[in-house]
$ cat coords31.cif   # mmCIF, C-alpha atoms
data_data
loop_
_atom_site.group_PDB
_atom_site.id
_atom_site.type_symbol
_atom_site.label_atom_id
_atom_site.label_comp_id
_atom_site.auth_asym_id
_atom_site.auth_seq_id
_atom_site.Cartn_x
_atom_site.Cartn_y
_atom_site.Cartn_z
ATOM 1 C CA MET W 1 62.194 127.365 80.493
ATOM 2 C CA ASN W 2 59.114 129.321 80.548
ATOM 3 C CA ALA W 3 59.556 132.261 82.757
ATOM 4 C CA ILE W 4 62.734 132.343 84.691
ATOM 5 C CA VAL W 5 63.024 135.896 83.716
ATOM 6 C CA SER W 6 59.460 136.893 83.559
ATOM 7 C CA GLU W 7 58.327 139.805 81.431
ATOM 8 C CA PRO W 8 59.275 142.565 81.278
ATOM 9 C CA LEU W 9 62.799 141.447 81.916
ATOM 10 C CA THR W 10 64.522 144.348 80.275
ATOM 11 C CA GLU W 11 62.420 147.107 81.728
ATOM 12 C CA PRO W 12 64.972 149.447 83.272
ATOM 13 C CA PRO W 13 64.594 150.110 86.946
ATOM 14 C CA SER W 14 63.966 153.674 87.907
ATOM 15 C CA SER W 15 67.025 155.817 88.423
ATOM 16 C CA THR W 16 65.976 156.199 92.010
ATOM 17 C CA ALA W 17 65.892 152.546 92.812
ATOM 18 C CA PRO W 18 65.428 151.831 96.495
ATOM 19 C CA ARG W 19 68.496 151.460 98.617
ATOM 20 C CA THR W 20 68.917 147.906 99.661
ATOM 21 C CA SER W 21 71.181 147.891 102.645
ATOM 22 C CA GLY W 22 73.777 149.817 104.512
ATOM 23 C CA GLN W 23 73.850 153.519 104.969
ATOM 24 C CA GLY W 24 73.740 156.064 102.187
ATOM 25 C CA ARG W 25 76.703 158.367 101.733
ATOM 26 C CA ASN W 26 74.702 161.402 102.693
ATOM 27 C CA GLY W 27 73.671 159.898 105.943
ATOM 28 C CA GLN W 28 70.213 158.914 104.740
ATOM 29 C CA ALA W 29 68.809 155.624 105.827
ATOM 30 C CA ALA W 30 69.610 153.045 103.204
ATOM 31 C CA THR W 31 66.053 151.840 103.145
ATOM 32 C CA THR W 32 63.441 154.467 103.545
ATOM 33 C CA PRO W 33 60.103 153.684 105.148
ATOM 34 C CA GLY W 34 57.731 151.978 102.796
ATOM 35 C CA GLU W 35 60.458 150.577 100.622
ATOM 36 C CA VAL W 36 60.823 146.866 100.344
ATOM 37 C CA GLN W 37 64.162 145.662 101.578
ATOM 38 C CA ARG W 38 65.361 142.847 99.436
ATOM 39 C CA THR W 39 66.807 140.732 102.183
ATOM 40 C CA PRO W 40 65.586 137.199 101.795
ATOM 41 C CA GLY W 41 63.194 135.903 104.377
ATOM 42 C CA PRO W 42 59.997 134.019 104.833
ATOM 43 C CA GLN W 43 58.133 136.486 102.617
ATOM 44 C CA SER W 44 60.546 136.069 99.721
ATOM 45 C CA ALA W 45 59.080 135.285 96.355
ATOM 46 C CA PRO W 46 59.744 131.937 94.709
ATOM 47 C CA PRO W 47 63.292 131.755 93.372
ATOM 48 C CA ARG W 48 62.552 132.225 89.666
ATOM 49 C CA SER W 49 60.377 135.256 90.005
ATOM 50 C CA GLU W 50 62.839 136.513 92.582
ATOM 51 C CA PHE W 51 65.539 136.158 89.984
ATOM 52 C CA ALA W 52 63.463 138.076 87.456
ATOM 53 C CA ASP W 53 63.024 140.851 90.015
ATOM 54 C CA LEU W 54 66.730 140.810 90.638
ATOM 55 C CA TYR W 55 67.451 141.175 86.941
ATOM 56 C CA ASN W 56 64.913 143.920 86.426
ATOM 57 C CA GLU W 57 66.192 145.888 89.366
ATOM 58 C CA HIS W 58 69.919 145.591 88.863
ATOM 59 C CA SER W 59 70.666 144.762 85.222
ATOM 60 C CA ARG W 60 71.160 148.412 84.277
ATOM 61 C CA ALA W 61 73.727 149.006 87.019
ATOM 62 C CA ILE W 62 75.548 145.776 86.251
ATOM 63 C CA TYR W 63 75.589 146.347 82.502
ATOM 64 C CA TYR W 64 76.752 149.937 82.958
ATOM 65 C CA LEU W 65 79.594 148.920 85.252
ATOM 66 C CA ALA W 66 80.687 146.191 82.831
ATOM 67 C CA LEU W 67 80.394 148.502 79.837
ATOM 68 C CA ARG W 68 82.401 151.353 81.253
ATOM 69 C CA PHE W 69 84.901 149.071 82.975
ATOM 70 C CA LEU W 70 85.556 146.872 79.954
ATOM 71 C CA SER W 71 85.022 149.607 77.370
ATOM 72 C CA ASP W 72 83.434 147.201 74.933
ATOM 73 C CA PRO W 73 79.663 146.806 74.412
ATOM 74 C CA GLN W 74 79.914 143.199 73.254
ATOM 75 C CA LYS W 75 82.128 142.168 76.163
ATOM 76 C CA ALA W 76 79.828 144.030 78.528
ATOM 77 C CA GLU W 77 76.831 142.170 77.154
ATOM 78 C CA ASP W 78 78.590 138.833 77.554
ATOM 79 C CA ALA W 79 79.745 139.784 81.043
ATOM 80 C CA THR W 80 76.272 140.840 82.160
ATOM 81 C CA HIS W 81 74.838 137.579 80.882
ATOM 82 C CA ASP W 82 77.537 135.570 82.651
ATOM 83 C CA VAL W 83 77.169 137.533 85.886
ATOM 84 C CA PHE W 84 73.436 136.900 86.104
ATOM 85 C CA LEU W 85 73.920 133.273 85.159
ATOM 86 C CA LYS W 86 76.414 132.925 88.024
ATOM 87 C CA ALA W 87 74.041 134.777 90.298
ATOM 88 C CA PHE W 88 71.226 132.376 89.431
ATOM 89 C CA ARG W 89 73.415 129.371 90.167
ATOM 90 C CA LYS W 90 74.654 130.854 93.423
ATOM 91 C CA MET W 91 71.450 132.348 94.723
ATOM 92 C CA ASP W 92 71.295 129.700 97.415
ATOM 93 C CA GLN W 93 74.649 130.948 98.734
ATOM 94 C CA PHE W 94 73.398 134.472 99.249
ATOM 95 C CA ARG W 95 72.842 134.891 102.967
ATOM 96 C CA GLY W 96 71.629 138.454 103.087
ATOM 97 C CA GLU W 97 74.788 139.737 104.759
ATOM 98 C CA SER W 98 75.132 142.346 102.051
ATOM 99 C CA SER W 99 72.654 143.894 99.665
ATOM 100 C CA TRP W 100 71.798 142.135 96.435
ATOM 101 C CA ARG W 101 73.356 145.054 94.582
ATOM 102 C CA THR W 102 76.650 144.662 96.447
ATOM 103 C CA TRP W 103 76.610 140.918 95.917
ATOM 104 C CA LEU W 104 76.034 141.331 92.179
ATOM 105 C CA TYR W 105 78.706 144.001 91.961
ATOM 106 C CA ARG W 106 81.174 141.658 93.608
ATOM 107 C CA ILE W 107 80.491 138.967 91.019
ATOM 108 C CA THR W 108 80.750 141.567 88.251
ATOM 109 C CA ILE W 109 84.020 143.017 89.492
ATOM 110 C CA ASN W 110 85.620 139.582 89.794
ATOM 111 C CA HIS W 111 84.351 138.587 86.372
ATOM 112 C CA CYS W 112 85.532 141.804 84.704
ATOM 113 C CA ARG W 113 88.909 141.673 86.431
ATOM 114 C CA ASN W 114 89.424 138.119 85.194
ATOM 115 C CA LEU W 115 88.566 139.196 81.672
ATOM 116 C CA GLN W 116 90.898 142.182 81.910
ATOM 117 C CA GLN W 117 93.693 140.098 83.339
ATOM 118 C CA ALA W 118 93.435 137.580 80.536
ATOM 119 C CA TRP W 119 93.398 140.408 78.012
ATOM 120 C CA ASN W 120 96.324 142.208 79.651
ATOM 121 C CA GLU W 121 98.403 139.048 79.651
ATOM 122 C CA ARG W 122 97.868 138.750 75.940
ATOM 123 C CA HIS W 123 98.526 142.412 75.172
ATOM 124 C CA MET W 124 101.127 143.407 77.788
ATOM 125 C CA PHE W 125 98.838 146.230 78.773
ATOM 126 C CA SER W 126 100.031 148.730 81.345
ATOM 127 C CA ASN W 127 97.714 150.841 83.406
ATOM 128 C CA ALA W 128 97.635 154.584 83.088
ATOM 129 C CA ASP W 129 99.935 156.391 85.465
ATOM 130 C CA ASP W 130 97.498 158.473 87.465
ATOM 131 C CA GLY W 131 100.375 160.407 89.012
ATOM 132 C CA VAL W 132 100.773 162.435 85.842
ATOM 133 C CA PHE W 133 97.401 164.055 86.501
ATOM 134 C CA GLU W 134 98.306 165.250 89.991
ATOM 135 C CA ASN W 135 99.650 168.632 88.929
ATOM 136 C CA ALA W 136 97.530 169.099 85.865
ATOM 137 C CA PRO W 137 94.969 171.898 86.004
ATOM 138 C CA SER W 138 91.445 170.593 86.068
ATOM 139 C CA GLN W 139 87.937 171.633 86.877
ATOM 140 C CA THR W 140 87.348 168.939 89.486
ATOM 141 C CA ASP W 141 85.655 171.290 91.876
ATOM 142 C CA SER W 142 83.695 173.268 89.327
ATOM 143 C CA PRO W 143 80.711 171.937 87.417
ATOM 144 C CA PHE W 144 81.137 170.139 84.126
ATOM 145 C CA ARG W 145 79.322 172.084 81.449
ATOM 146 C CA VAL W 146 78.965 169.815 78.490
ATOM 147 C CA LEU W 147 76.960 169.683 75.347
ATOM 148 C CA GLU W 148 74.467 166.938 75.866
ATOM 149 C CA THR W 149 74.789 164.839 72.774
ATOM 150 C CA LYS W 150 74.991 161.194 72.008
ATOM 151 C CA GLU W 151 78.765 161.628 72.082
ATOM 152 C CA LEU W 152 78.742 162.261 75.812
ATOM 153 C CA GLY W 153 78.944 158.543 76.510
ATOM 154 C CA GLN W 154 81.913 158.237 74.164
ATOM 155 C CA ARG W 155 83.688 161.120 75.899
ATOM 156 C CA ILE W 156 83.057 159.568 79.291
ATOM 157 C CA GLN W 157 84.385 156.248 78.031
ATOM 158 C CA GLN W 158 87.507 157.876 76.611
ATOM 159 C CA ALA W 159 88.220 159.608 79.902
ATOM 160 C CA LEU W 160 87.588 156.440 81.918
ATOM 161 C CA ASP W 161 89.848 154.469 79.604
ATOM 162 C CA GLY W 162 92.649 156.873 80.426
ATOM 163 C CA VAL W 163 92.606 156.403 84.185
ATOM 164 C CA SER W 164 93.797 153.293 85.968
ATOM 165 C CA ALA W 165 91.441 150.370 86.444
ATOM 166 C CA GLU W 166 91.367 151.122 90.168
ATOM 167 C CA TYR W 167 90.269 154.729 89.708
ATOM 168 C CA ARG W 168 87.784 153.734 87.023
ATOM 169 C CA LEU W 169 86.175 151.202 89.312
ATOM 170 C CA LEU W 170 86.070 153.637 92.219
ATOM 171 C CA LEU W 171 84.385 156.335 90.160
ATOM 172 C CA LEU W 172 81.815 153.928 88.779
ATOM 173 C CA LEU W 173 80.963 152.435 92.165
ATOM 174 C CA VAL W 174 80.808 155.753 93.985
ATOM 175 C CA ALA W 175 78.488 157.083 91.289
ATOM 176 C CA ASP W 176 75.953 154.482 92.395
ATOM 177 C CA GLU W 177 74.029 156.209 95.152
ATOM 178 C CA GLN W 178 72.906 152.875 96.526
ATOM 179 C CA LEU W 179 76.421 152.193 97.772
ATOM 180 C CA SER W 180 77.976 153.752 100.823
ATOM 181 C CA TYR W 181 81.704 154.463 100.985
ATOM 182 C CA GLU W 182 81.959 151.493 103.344
ATOM 183 C CA GLN W 183 80.356 149.249 100.755
ATOM 184 C CA VAL W 184 82.593 150.625 98.004
ATOM 185 C CA GLY W 185 85.540 149.997 100.298
ATOM 186 C CA ALA W 186 84.426 146.431 100.927
ATOM 187 C CA LEU W 187 84.043 145.818 97.209
ATOM 188 C CA THR W 188 87.478 147.229 96.442
ATOM 189 C CA GLU W 189 89.147 145.765 99.534
ATOM 190 C CA GLN W 190 90.094 148.968 101.303
ATOM 191 C CA THR W 191 88.771 151.228 104.023
ATOM 192 C CA ALA W 192 86.166 153.892 103.475
ATOM 193 C CA ASP W 193 88.806 156.512 104.284
ATOM 194 C CA ALA W 194 91.079 155.119 101.601
ATOM 195 C CA VAL W 195 88.163 155.314 99.159
ATOM 196 C CA ARG W 196 87.617 158.978 100.028
ATOM 197 C CA GLY W 197 91.314 159.733 99.637
ATOM 198 C CA LYS W 198 91.681 158.031 96.283
ATOM 199 C CA LEU W 199 88.405 159.391 95.030
ATOM 200 C CA HIS W 200 89.714 162.918 95.019
ATOM 201 C CA ARG W 201 92.630 161.895 92.818
ATOM 202 C CA ALA W 202 90.392 159.764 90.628
ATOM 203 C CA ARG W 203 88.041 162.706 90.025
ATOM 204 C CA LYS W 204 90.942 164.918 89.114
ATOM 205 C CA ALA W 205 92.448 162.399 86.720
ATOM 206 C CA PHE W 206 89.061 161.924 85.089
ATOM 207 C CA ALA W 207 88.437 165.672 84.821
ATOM 208 C CA VAL W 208 91.763 166.305 83.105
ATOM 209 C CA LEU W 209 91.119 163.569 80.581
ATOM 210 C CA PHE W 210 87.498 164.513 80.060
ATOM 211 C CA GLN W 211 88.482 168.085 79.186
ATOM 212 C CA LYS W 212 90.814 166.721 76.547
ATOM 213 C CA THR W 213 87.971 164.890 74.840
ATOM 214 C CA ALA W 214 86.123 168.127 74.033
ATOM 215 C CA MET K 1 75.608 182.071 32.111
ATOM 216 C CA ASN K 2 76.638 178.848 33.751
ATOM 217 C CA PRO K 3 79.029 180.214 36.380
ATOM 218 C CA PRO K 4 76.476 182.570 38.090
ATOM 219 C CA LYS K 5 73.917 179.736 38.260
ATOM 220 C CA LYS K 6 76.513 177.526 39.784
ATOM 221 C CA LEU K 7 77.393 180.277 42.236
ATOM 222 C CA ALA K 8 73.777 180.775 43.272
ATOM 223 C CA SER K 9 73.305 177.081 43.656
ATOM 224 C CA GLN K 10 76.481 176.832 45.706
ATOM 225 C CA GLN K 11 75.364 179.759 47.880
ATOM 226 C CA ARG K 12 71.990 178.103 48.520
ATOM 227 C CA THR K 13 73.682 174.864 49.503
ATOM 228 C CA ASP K 14 75.972 176.732 51.878
ATOM 229 C CA GLU K 15 73.016 178.538 53.438
ATOM 230 C CA GLU K 16 71.151 175.277 53.842
ATOM 231 C CA GLN K 17 74.130 173.676 55.501
ATOM 232 C CA LEU K 18 74.615 176.643 57.801
ATOM 233 C CA SER K 19 70.952 176.646 58.689
ATOM 234 C CA ALA K 20 71.072 172.918 59.393
ATOM 235 C CA ARG K 21 74.121 173.398 61.605
ATOM 236 C CA LEU K 22 72.438 176.217 63.497
ATOM 237 C CA GLY K 23 69.377 174.070 63.944
ATOM 238 C CA GLN K 24 71.521 171.317 65.385
ATOM 239 C CA THR K 25 73.234 173.756 67.726
ATOM 240 C CA GLN K 26 69.945 175.094 68.968
ATOM 241 C CA GLN K 27 68.594 171.583 69.526
ATOM 242 C CA ALA K 28 71.652 170.466 71.474
ATOM 243 C CA ALA K 29 71.408 171.681 75.035
ATOM 244 C CA PHE K 30 74.213 172.335 77.409
ATOM 245 C CA ARG K 31 73.934 170.487 80.645
ATOM 246 C CA GLU K 32 75.790 171.146 83.816
ATOM 247 C CA PHE K 33 76.946 168.387 86.120
ATOM 248 C CA ALA K 34 78.036 169.217 89.616
ATOM 249 C CA SER K 35 80.444 166.304 89.782
ATOM 250 C CA VAL K 36 81.926 163.389 87.896
ATOM 251 C CA GLU K 37 79.543 161.077 89.719
ATOM 252 C CA GLU K 38 76.513 163.062 88.639
ATOM 253 C CA MET K 39 77.654 162.869 85.042
ATOM 254 C CA LEU K 40 78.190 159.114 85.326
ATOM 255 C CA ARG K 41 74.721 158.671 86.837
ATOM 256 C CA HIS K 42 73.233 160.621 83.954
ATOM 257 C CA ASP K 43 75.167 158.459 81.509
ATOM 258 C CA ALA K 44 74.040 155.283 83.257
ATOM 259 C CA VAL K 45 70.382 156.281 83.112
ATOM 260 C CA HIS K 46 70.717 156.950 79.392
ATOM 261 C CA THR K 47 72.579 153.750 78.626
ATOM 262 C CA PRO K 48 70.025 151.092 77.718
ATOM 263 C CA VAL K 49 70.574 147.458 78.572
ATOM 264 C CA PRO K 50 70.584 145.446 75.335
ATOM 265 C CA PRO K 51 67.421 143.308 75.223
ATOM 266 C CA SER K 52 69.504 140.469 73.837
ATOM 267 C CA ILE K 53 70.921 139.831 77.327
ATOM 268 C CA ALA K 54 67.482 138.877 78.614
ATOM 269 C CA HIS K 55 66.883 136.629 75.612
ATOM 270 C CA ARG K 56 70.220 134.907 76.092
ATOM 271 C CA LEU K 57 69.555 134.458 79.790
ATOM 272 C CA ARG K 58 66.214 132.837 79.085
ATOM 273 C CA GLU K 59 67.928 130.378 76.774
ATOM 274 C CA SER K 60 70.782 129.725 79.185
ATOM 275 C CA LEU K 61 68.537 129.216 82.184
ATOM 276 C CA GLY K 62 66.028 127.104 80.309
ATOM 277 C CA PRO K 63 67.516 123.680 81.014
ATOM 278 C CA LEU K 64 68.639 124.554 84.545
ATOM 279 C CA PRO K 65 66.701 123.535 87.606
ATOM 280 C CA PRO K 66 65.551 126.375 89.848
ATOM 281 C CA PRO K 67 68.136 127.391 92.440
ATOM 282 C CA SER K 68 67.935 125.380 95.585
ATOM 283 C CA ARG K 69 66.891 127.043 98.801
ATOM 284 C CA SER K 70 69.717 128.013 101.070
ATOM 285 C CA TRP K 71 70.253 126.268 104.374
ATOM 286 C CA TRP K 72 69.071 129.245 106.378
ATOM 287 C CA ARG K 73 65.934 129.577 104.323
ATOM 288 C CA ARG K 74 65.172 125.885 104.776
ATOM 289 C CA LEU K 75 65.864 126.264 108.483
ATOM 290 C CA PHE K 76 63.680 129.309 108.935
ATOM 291 C CA GLY K 77 61.009 128.212 106.537
ATOM 292 C CA GLY K 78 61.559 130.819 103.836
#
$ encode --input "coords31.cif" --output "structure tokens"
Amino acid sequence: MNAIVSEPLTEPPSSTAPRTSGQGRNGQAATTPGEVQRTPGPQSAPPRSEFADLYNEHSRAIYYLALRFLSDPQKAEDATHDVFLKAFRKMDQFRGESSWRTWLYRITINHCRNLQQAWNERHMFSNADDGVFENAPSQTDSPFRVLETKELGQRIQQALDGVSAEYRLLLLLVADEQLSYEQVGALTEQTADAVRGKLHRARKAFAVLFQKTA
Amino acid sequence: MNPPKKLASQQRTDEEQLSARLGQTQQAAFREFASVEEMLRHDAVHTPVPPSIAHRLRESLGPLPPPSRSWWRRLFGG
């Protein structure tokens, strides 16, 4: 195939990628004037170049979610490949009811959960008990002052590995500014209020564990 | 006279190591993150996507036909 994923496929999207749908968490419009909303329509590009755009715009977010959720670079690479392959095959089913980002996240979450479930069944894995962090002192409300080294990613991974899969997923999704709490709630099958409530505990659990990695 | 030479050499090595460590400390900058989410965003921006994913996708998608147009796109002429 010549150019399903046209060059430059791996060029990372800017960290301030345009919001695609919904409402931002800070009340900003999800799509600011002048930005191109990626809802399909008569002006949509041909499917293959559209797919390349999709990859270029969202591969970083998808890979990052898979990496930090699965805690394994090789599995994350395989998962990202599989997610985009599924997305390519199912592009005709996308009806623009959600943003592309949300749609891709949904595929990623399902894929990663299936992988985790299969792994857990083999290893009798039990999730971390987040309750133990409730009374632990932490710096949740104060800034994290950390030495910016290449080990930062490893420390983050260690802390994420220590919280439950639910909290890990919440933290990773909420960190994406393109998603509103409503969208995070839809992706994790709960209300936006429930997301807000759990988020506080998730931050605290993460903070306690992150401090221990120093 | 061997021991003093050894001592001087050892001292130089220690100084070099200390200097190297100091240099590393000075190069490494502290960064403050207001929240967990901000730290995760920073981490995400600095986590490169392996180029091999794109290569593998090209190979995987090669034999596949392009995705068909959805019913609503056919209906509305997209």
$ atom_distance --input "coords31.cif" --atom1 "CA of Gln190 (chain W)" --atom2 "CA of Ala87 (chain W)"
24.1 Å
$ closest_residue --input "coords31.cif" --among "W:Gln158, W:Asn120, W:Asn56, W:Gln211" --to "Arg68 (chain W)" --atoms "all atoms listed in the file"
W:Gln158
$ resolve_selection --input "coords31.cif" --expression "the PyMOL selection byres ((chain K and resi 48-54) around 6)" --output "number ranges by chain"
W: 10, 60, 81; K: 47, 55-57
$ atom_distance --input "coords31.cif" --atom1 "CA of Asp193 (chain W)" --atom2 "CA of Gly162 (chain W)"
24.2 Å
$ closest_residue --input "coords31.cif" --among "W:His111, W:Arg196, W:Lys212, W:Arg122" --to "Ala76 (chain W)" --atoms "all atoms listed in the file"
W:His111
$ closest_residue --input "coords31.cif" --among "K:Val36, K:Glu59, K:Arg41, K:Phe30" --to "Gln178 (chain W)" --atoms "all atoms listed in the file"
K:Arg41
$ resolve_selection --input "coords31.cif" --expression "the PyMOL selection byres ((chain K and resi 39) around 12)" --output "ChimeraX atom specification"
/W:143-148,152-153,155-157,171-172,174-176,203,206-207,210 /K:31-38,40-46
$ atom_distance --input "coords31.cif" --atom1 "CA of Tyr63 (chain W)" --atom2 "CA of Leu169 (chain W)"
13.5 Å
